[in-house]
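Q: For reference, the file run26.txt (compact mmCIF, N, CA, C and O atoms) is included below:
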# COMPACT_ATOMS: atom_id res chain seq x y z
N MET A 14 83.87 32.58 133.66
CA MET A 14 83.44 31.54 132.75
C MET A 14 84.66 30.95 132.07
O MET A 14 85.50 31.66 131.54
N SER A 15 84.75 29.66 132.09
CA SER A 15 85.87 28.94 131.51
C SER A 15 85.80 28.97 129.98
O SER A 15 84.72 28.91 129.39
N LYS A 16 86.97 29.05 129.34
CA LYS A 16 87.02 29.05 127.87
C LYS A 16 86.58 27.70 127.31
O LYS A 16 86.14 27.61 126.18
N GLU A 17 86.72 26.62 128.08
CA GLU A 17 86.33 25.30 127.61
C GLU A 17 84.89 24.96 127.98
O GLU A 17 84.43 23.87 127.71
N GLU A 18 84.19 25.90 128.58
CA GLU A 18 82.79 25.66 128.92
C GLU A 18 81.98 25.54 127.63
O GLU A 18 82.25 26.21 126.64
N CYS A 19 80.98 24.68 127.66
CA CYS A 19 80.15 24.44 126.48
C CYS A 19 78.69 24.69 126.80
O CYS A 19 78.26 24.53 127.94
N PHE A 20 77.94 25.09 125.77
CA PHE A 20 76.50 25.25 125.87
C PHE A 20 75.84 24.31 124.89
O PHE A 20 76.40 24.00 123.84
N ASP A 21 74.62 23.90 125.21
CA ASP A 21 73.84 23.19 124.20
C ASP A 21 73.19 24.24 123.30
O ASP A 21 73.33 25.45 123.51
N VAL A 22 72.49 23.81 122.28
CA VAL A 22 71.94 24.72 121.28
C VAL A 22 70.95 25.70 121.91
O VAL A 22 70.99 26.91 121.63
N ALA A 23 70.07 25.22 122.77
CA ALA A 23 69.07 26.09 123.38
C ALA A 23 69.71 27.15 124.27
O ALA A 23 69.32 28.33 124.23
N ALA A 24 70.70 26.77 125.06
CA ALA A 24 71.37 27.73 125.94
C ALA A 24 72.16 28.76 125.13
O ALA A 24 72.20 29.94 125.48
N ALA A 25 72.77 28.33 124.04
CA ALA A 25 73.52 29.25 123.18
C ALA A 25 72.57 30.26 122.54
O ALA A 25 72.87 31.46 122.49
N ALA A 26 71.42 29.81 122.08
CA ALA A 26 70.45 30.71 121.46
C ALA A 26 69.94 31.73 122.48
O ALA A 26 69.81 32.91 122.16
N GLU A 27 69.72 31.29 123.69
CA GLU A 27 69.26 32.21 124.73
C GLU A 27 70.33 33.24 125.08
O GLU A 27 70.05 34.42 125.20
N ARG A 28 71.57 32.78 125.21
CA ARG A 28 72.65 33.69 125.59
C ARG A 28 72.90 34.75 124.53
O ARG A 28 73.17 35.91 124.85
N TYR A 29 72.81 34.38 123.26
CA TYR A 29 73.12 35.32 122.18
C TYR A 29 71.86 35.93 121.56
O TYR A 29 71.94 36.56 120.52
N ASP A 30 70.73 35.76 122.23
CA ASP A 30 69.48 36.37 121.84
C ASP A 30 69.14 36.13 120.37
O ASP A 30 68.92 37.07 119.60
N CYS A 31 69.16 34.86 120.00
CA CYS A 31 68.78 34.47 118.64
C CYS A 31 67.97 33.18 118.74
O CYS A 31 67.78 32.65 119.82
N SER A 32 67.52 32.69 117.61
CA SER A 32 66.70 31.48 117.63
C SER A 32 67.56 30.22 117.58
O SER A 32 68.73 30.26 117.17
N ILE A 33 66.97 29.12 117.96
CA ILE A 33 67.63 27.82 117.87
C ILE A 33 67.94 27.51 116.41
O ILE A 33 68.99 26.96 116.09
N LYS A 34 67.04 27.91 115.51
CA LYS A 34 67.26 27.70 114.08
C LYS A 34 68.52 28.41 113.59
O LYS A 34 69.25 27.88 112.76
N THR A 35 68.78 29.61 114.11
CA THR A 35 69.97 30.35 113.72
C THR A 35 71.23 29.60 114.13
O THR A 35 72.17 29.46 113.34
N ILE A 36 71.26 29.09 115.35
CA ILE A 36 72.41 28.33 115.82
C ILE A 36 72.61 27.08 114.97
O ILE A 36 73.71 26.80 114.49
N ARG A 37 71.54 26.33 114.74
CA ARG A 37 71.64 25.11 113.94
C ARG A 37 72.07 25.41 112.50
O ARG A 37 72.84 24.67 111.90
N ARG A 38 71.58 26.51 111.93
CA ARG A 38 71.95 26.90 110.57
C ARG A 38 73.45 27.20 110.49
O ARG A 38 74.13 26.79 109.55
N ARG A 39 73.97 27.90 111.48
CA ARG A 39 75.40 28.23 111.48
C ARG A 39 76.26 26.98 111.66
O ARG A 39 77.35 26.89 111.11
N ILE A 40 75.79 26.03 112.44
CA ILE A 40 76.51 24.76 112.59
C ILE A 40 76.52 24.02 111.26
O ILE A 40 77.55 23.52 110.81
N LYS A 41 75.36 23.98 110.61
CA LYS A 41 75.23 23.25 109.35
C LYS A 41 76.09 23.85 108.24
O LYS A 41 76.70 23.12 107.46
N ASN A 42 76.16 25.19 108.16
CA ASN A 42 76.95 25.80 107.08
C ASN A 42 78.44 25.90 107.42
O ASN A 42 79.22 26.39 106.61
N GLY A 43 78.82 25.46 108.62
CA GLY A 43 80.23 25.38 108.97
C GLY A 43 80.82 26.61 109.62
O GLY A 43 82.00 26.64 109.94
N SER A 44 80.02 27.65 109.86
CA SER A 44 80.56 28.86 110.48
C SER A 44 80.63 28.76 112.01
O SER A 44 81.25 29.60 112.65
N LEU A 45 80.02 27.72 112.57
CA LEU A 45 80.06 27.51 114.02
C LEU A 45 80.40 26.06 114.32
O LEU A 45 79.59 25.16 114.07
N PRO A 46 81.62 25.80 114.81
CA PRO A 46 81.99 24.42 115.12
C PRO A 46 81.22 23.89 116.33
O PRO A 46 80.97 24.62 117.29
N ALA A 47 80.83 22.63 116.26
CA ALA A 47 80.09 22.00 117.36
C ALA A 47 80.41 20.51 117.36
O ALA A 47 80.96 19.98 116.40
N ARG A 48 80.05 19.86 118.46
CA ARG A 48 80.25 18.42 118.54
C ARG A 48 79.01 17.81 119.20
O ARG A 48 78.29 18.47 119.94
N THR A 49 78.78 16.55 118.90
CA THR A 49 77.65 15.82 119.47
C THR A 49 78.17 14.94 120.59
O THR A 49 79.15 14.22 120.43
N GLU A 50 77.50 15.02 121.75
CA GLU A 50 77.89 14.23 122.92
C GLU A 50 76.70 13.43 123.40
O GLU A 50 75.55 13.87 123.29
N LYS A 51 76.99 12.27 123.95
CA LYS A 51 75.96 11.45 124.58
C LYS A 51 75.92 11.83 126.06
O LYS A 51 76.91 11.71 126.78
N ILE A 52 74.76 12.31 126.51
CA ILE A 52 74.59 12.78 127.88
C ILE A 52 73.41 12.03 128.49
O ILE A 52 72.44 11.71 127.80
N ASP A 53 73.47 11.76 129.78
CA ASP A 53 72.35 11.11 130.46
C ASP A 53 71.17 12.07 130.53
O ASP A 53 71.30 13.21 130.96
N GLY A 54 70.00 11.58 130.11
CA GLY A 54 68.78 12.37 130.15
C GLY A 54 68.16 12.35 131.53
O GLY A 54 68.69 11.75 132.47
N ARG A 55 67.01 12.97 131.66
CA ARG A 55 66.31 13.05 132.95
C ARG A 55 65.95 11.69 133.50
O ARG A 55 65.96 11.46 134.70
N ASP A 56 65.61 10.77 132.59
CA ASP A 56 65.20 9.44 133.04
C ASP A 56 66.36 8.44 133.03
O ASP A 56 66.14 7.25 133.22
N GLY A 57 67.56 8.92 132.82
CA GLY A 57 68.73 8.05 132.86
C GLY A 57 69.15 7.48 131.51
O GLY A 57 70.23 6.94 131.37
N ARG A 58 68.27 7.59 130.51
CA ARG A 58 68.62 7.10 129.18
C ARG A 58 69.53 8.12 128.48
O ARG A 58 69.40 9.32 128.69
N PRO A 59 70.44 7.63 127.64
CA PRO A 59 71.34 8.56 126.95
C PRO A 59 70.61 9.40 125.90
O PRO A 59 69.69 8.94 125.23
N VAL A 60 71.03 10.66 125.81
CA VAL A 60 70.47 11.62 124.87
C VAL A 60 71.64 12.23 124.10
O VAL A 60 72.67 12.54 124.68
N LEU A 61 71.48 12.40 122.80
CA LEU A 61 72.50 13.07 122.00
C LEU A 61 72.26 14.57 122.05
O LEU A 61 71.17 15.04 121.75
N LYS A 62 73.28 15.33 122.43
CA LYS A 62 73.19 16.78 122.51
C LYS A 62 74.28 17.40 121.66
O LYS A 62 75.42 16.93 121.65
N THR A 63 73.95 18.46 120.97
CA THR A 63 74.93 19.22 120.21
C THR A 63 75.51 20.27 121.16
O THR A 63 74.76 21.09 121.70
N MET A 64 76.82 20.23 121.37
CA MET A 64 77.48 21.13 122.29
C MET A 64 78.41 22.07 121.53
O MET A 64 79.09 21.66 120.59
N ILE A 65 78.44 23.33 121.97
CA ILE A 65 79.24 24.36 121.32
C ILE A 65 80.09 25.04 122.38
O ILE A 65 79.58 25.43 123.44
N ARG A 66 81.38 25.18 122.10
CA ARG A 66 82.26 25.84 123.05
C ARG A 66 81.96 27.34 123.11
O ARG A 66 81.65 27.97 122.09
N VAL A 67 82.08 27.92 124.29
CA VAL A 67 81.81 29.35 124.50
C VAL A 67 82.74 30.20 123.64
O VAL A 67 82.30 31.17 123.02
N VAL A 68 84.01 29.81 123.55
CA VAL A 68 84.97 30.60 122.76
C VAL A 68 84.55 30.62 121.29
O VAL A 68 84.69 31.64 120.61
N ASP A 69 84.03 29.52 120.76
CA ASP A 69 83.56 29.48 119.38
C ASP A 69 82.32 30.34 119.19
O ASP A 69 82.18 31.03 118.17
N LEU A 70 81.43 30.33 120.15
CA LEU A 70 80.25 31.19 120.09
C LEU A 70 80.65 32.66 120.10
O LEU A 70 80.15 33.46 119.31
N ASP A 71 81.57 33.02 120.99
CA ASP A 71 82.03 34.41 121.08
C ASP A 71 82.65 34.84 119.75
O ASP A 71 82.35 35.93 119.25
N ASP A 72 83.50 34.00 119.18
CA ASP A 72 84.15 34.33 117.90
C ASP A 72 83.11 34.51 116.80
O ASP A 72 83.18 35.45 116.01
N THR A 73 82.16 33.61 116.72
CA THR A 73 81.16 33.67 115.64
C THR A 73 80.26 34.87 115.77
O THR A 73 79.99 35.57 114.80
N PHE A 74 79.78 35.16 116.98
CA PHE A 74 78.82 36.25 117.13
C PHE A 74 79.48 37.61 117.26
O PHE A 74 78.82 38.62 117.10
N GLU A 75 80.78 37.68 117.51
CA GLU A 75 81.49 38.95 117.46
C GLU A 75 81.60 39.44 116.04
O GLU A 75 81.50 40.62 115.76
N ARG A 76 81.83 38.50 115.11
CA ARG A 76 81.98 38.84 113.70
C ARG A 76 80.66 39.23 113.06
O ARG A 76 80.64 39.94 112.09
N ALA A 77 79.55 38.73 113.61
CA ALA A 77 78.24 38.96 112.97
C ALA A 77 77.77 40.39 113.15
O ALA A 77 78.16 41.12 113.98
Represent the structure contained in this file as structure tokens.
A:
Amino acid sequence: MSKEECFDVAAAAERYDCSIKTIRRRIKNGSLPARTEKIDGRDGRPVLKTMIRVVDLDDTFERA
């Protein structure tokens, strides 16, 4: 797995066995850095997704 690989909020919650609310709460309080990207949706229209780097997830959940 690449260090620059990113997950969206749902995939991060699944990988770290927590809820989507937990991931969003950590992003909001600043303990988990994330960025918003415009990605093509299923129907071709752009969708805004919150993306989190794997290295940031590992750092945050190792400390918890």
Q: Which polymer residues have any atom within 6 Å of an atom of range 59-76 of chain A, counting only N, CA, C and O atoms, with same-chain residues fewer than 2 positions away left out, as a list in words?
A: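 The residues that qualify are Ser15, Lys16, Glu17, Glu18, Cys19, Phe20, Asp21, Val22, Ser44, Leu45, Pro46, Ala47, Arg48, Thr49, Glu50, Lys51, Ile52, Asp53, Gly54 and Gly57 of chain A.
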Q: Would you mind reading off the distance between CA of Ala25 in chain A and CA of Ile40 in chain A, one decimal, in Å?
A: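 Those two atoms sit 11.9 Å apart.
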Q: What is the distance between CA of Tyr29 in chain A and CA of Arg55 in chain A, in Å to one decimal?
A: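 Calculated distance between CA of Tyr29 in chain A and CA of Arg55 in chain A is 25.7 Å.
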Q: What is the distance between atom O of Ala23 in chain A and CA of Arg38 in chain A, in Å to one decimal?
A: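 These atoms are spaced 14.0 Å apart.
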Q: List every residue of chain A that DSSP, applied to the backbone, labels as strand (DSSP E or B), and write the result as a list in words.
A: Cys19, Phe20, Asp21, Arg48, Thr49, Glu50, Lys51, Ile52, Asp53, Pro59, Val60, Leu61, Lys62, Thr63, Met64, Ile65 and Arg66 of chain A
Q: Would you output that residue set with N, CA, C and O atoms, as a short mmCIF file (atom, residue, chain, number, x, y, z; two decimals), keeping the file's coordinate frame?
A:
data_model
loop_
_atom_site.label_atom_id
_atom_site.label_comp_id
_atom_site.auth_asym_id
_atom_site.auth_seq_id
_atom_site.Cartn_x
_atom_site.Cartn_y
_atom_site.Cartn_z
N CYS A 19 80.98 24.68 127.66
CA CYS A 19 80.15 24.44 126.48
C CYS A 19 78.69 24.69 126.80
O CYS A 19 78.26 24.53 127.94
N PHE A 20 77.94 25.09 125.77
CA PHE A 20 76.50 25.25 125.87
C PHE A 20 75.84 24.31 124.89
O PHE A 20 76.40 24.00 123.84
N ASP A 21 74.62 23.90 125.21
CA ASP A 21 73.84 23.19 124.20
C ASP A 21 73.19 24.24 123.30
O ASP A 21 73.33 25.45 123.51
N ARG A 48 80.05 19.86 118.46
CA ARG A 48 80.25 18.42 118.54
C ARG A 48 79.01 17.81 119.20
O ARG A 48 78.29 18.47 119.94
N THR A 49 78.78 16.55 118.90
CA THR A 49 77.65 15.82 119.47
C THR A 49 78.17 14.94 120.59
O THR A 49 79.15 14.22 120.43
N GLU A 50 77.50 15.02 121.75
CA GLU A 50 77.89 14.23 122.92
C GLU A 50 76.70 13.43 123.40
O GLU A 50 75.55 13.87 123.29
N LYS A 51 76.99 12.27 123.95
CA LYS A 51 75.96 11.45 124.58
C LYS A 51 75.92 11.83 126.06
O LYS A 51 76.91 11.71 126.78
N ILE A 52 74.76 12.31 126.51
CA ILE A 52 74.59 12.78 127.88
C ILE A 52 73.41 12.03 128.49
O ILE A 52 72.44 11.71 127.80
N ASP A 53 73.47 11.76 129.78
CA ASP A 53 72.35 11.11 130.46
C ASP A 53 71.17 12.07 130.53
O ASP A 53 71.30 13.21 130.96
N PRO A 59 70.44 7.63 127.64
CA PRO A 59 71.34 8.56 126.95
C PRO A 59 70.61 9.40 125.90
O PRO A 59 69.69 8.94 125.23
N VAL A 60 71.03 10.66 125.81
CA VAL A 60 70.47 11.62 124.87
C VAL A 60 71.64 12.23 124.10
O VAL A 60 72.67 12.54 124.68
N LEU A 61 71.48 12.40 122.80
CA LEU A 61 72.50 13.07 122.00
C LEU A 61 72.26 14.57 122.05
O LEU A 61 71.17 15.04 121.75
N LYS A 62 73.28 15.33 122.43
CA LYS A 62 73.19 16.78 122.51
C LYS A 62 74.28 17.40 121.66
O LYS A 62 75.42 16.93 121.65
N THR A 63 73.95 18.46 120.97
CA THR A 63 74.93 19.22 120.21
C THR A 63 75.51 20.27 121.16
O THR A 63 74.76 21.09 121.70
N MET A 64 76.82 20.23 121.37
CA MET A 64 77.48 21.13 122.29
C MET A 64 78.41 22.07 121.53
O MET A 64 79.09 21.66 120.59
N ILE A 65 78.44 23.33 121.97
CA ILE A 65 79.24 24.36 121.32
C ILE A 65 80.09 25.04 122.38
O ILE A 65 79.58 25.43 123.44
N ARG A 66 81.38 25.18 122.10
CA ARG A 66 82.26 25.84 123.05
C ARG A 66 81.96 27.34 123.11
O ARG A 66 81.65 27.97 122.09
#
Q: Enumerate the residues of chain A with a DSSP assignment of alpha helix (DSSP H), computed from the backbone, and present them as a list of chain:residue names.
A: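 Assigned to alpha helix (DSSP H), within chain A: A:Val22, A:Ala23, A:Ala24, A:Ala25, A:Ala26, A:Glu27, A:Arg28, A:Ile33, A:Lys34, A:Thr35, A:Ile36, A:Arg37, A:Arg38, A:Arg39, A:Ile40, A:Lys41, A:Val67, A:Val68, A:Asp69, A:Leu70, A:Asp71, A:Asp72, A:Thr73, A:Phe74, A:Glu75, A:Arg76.
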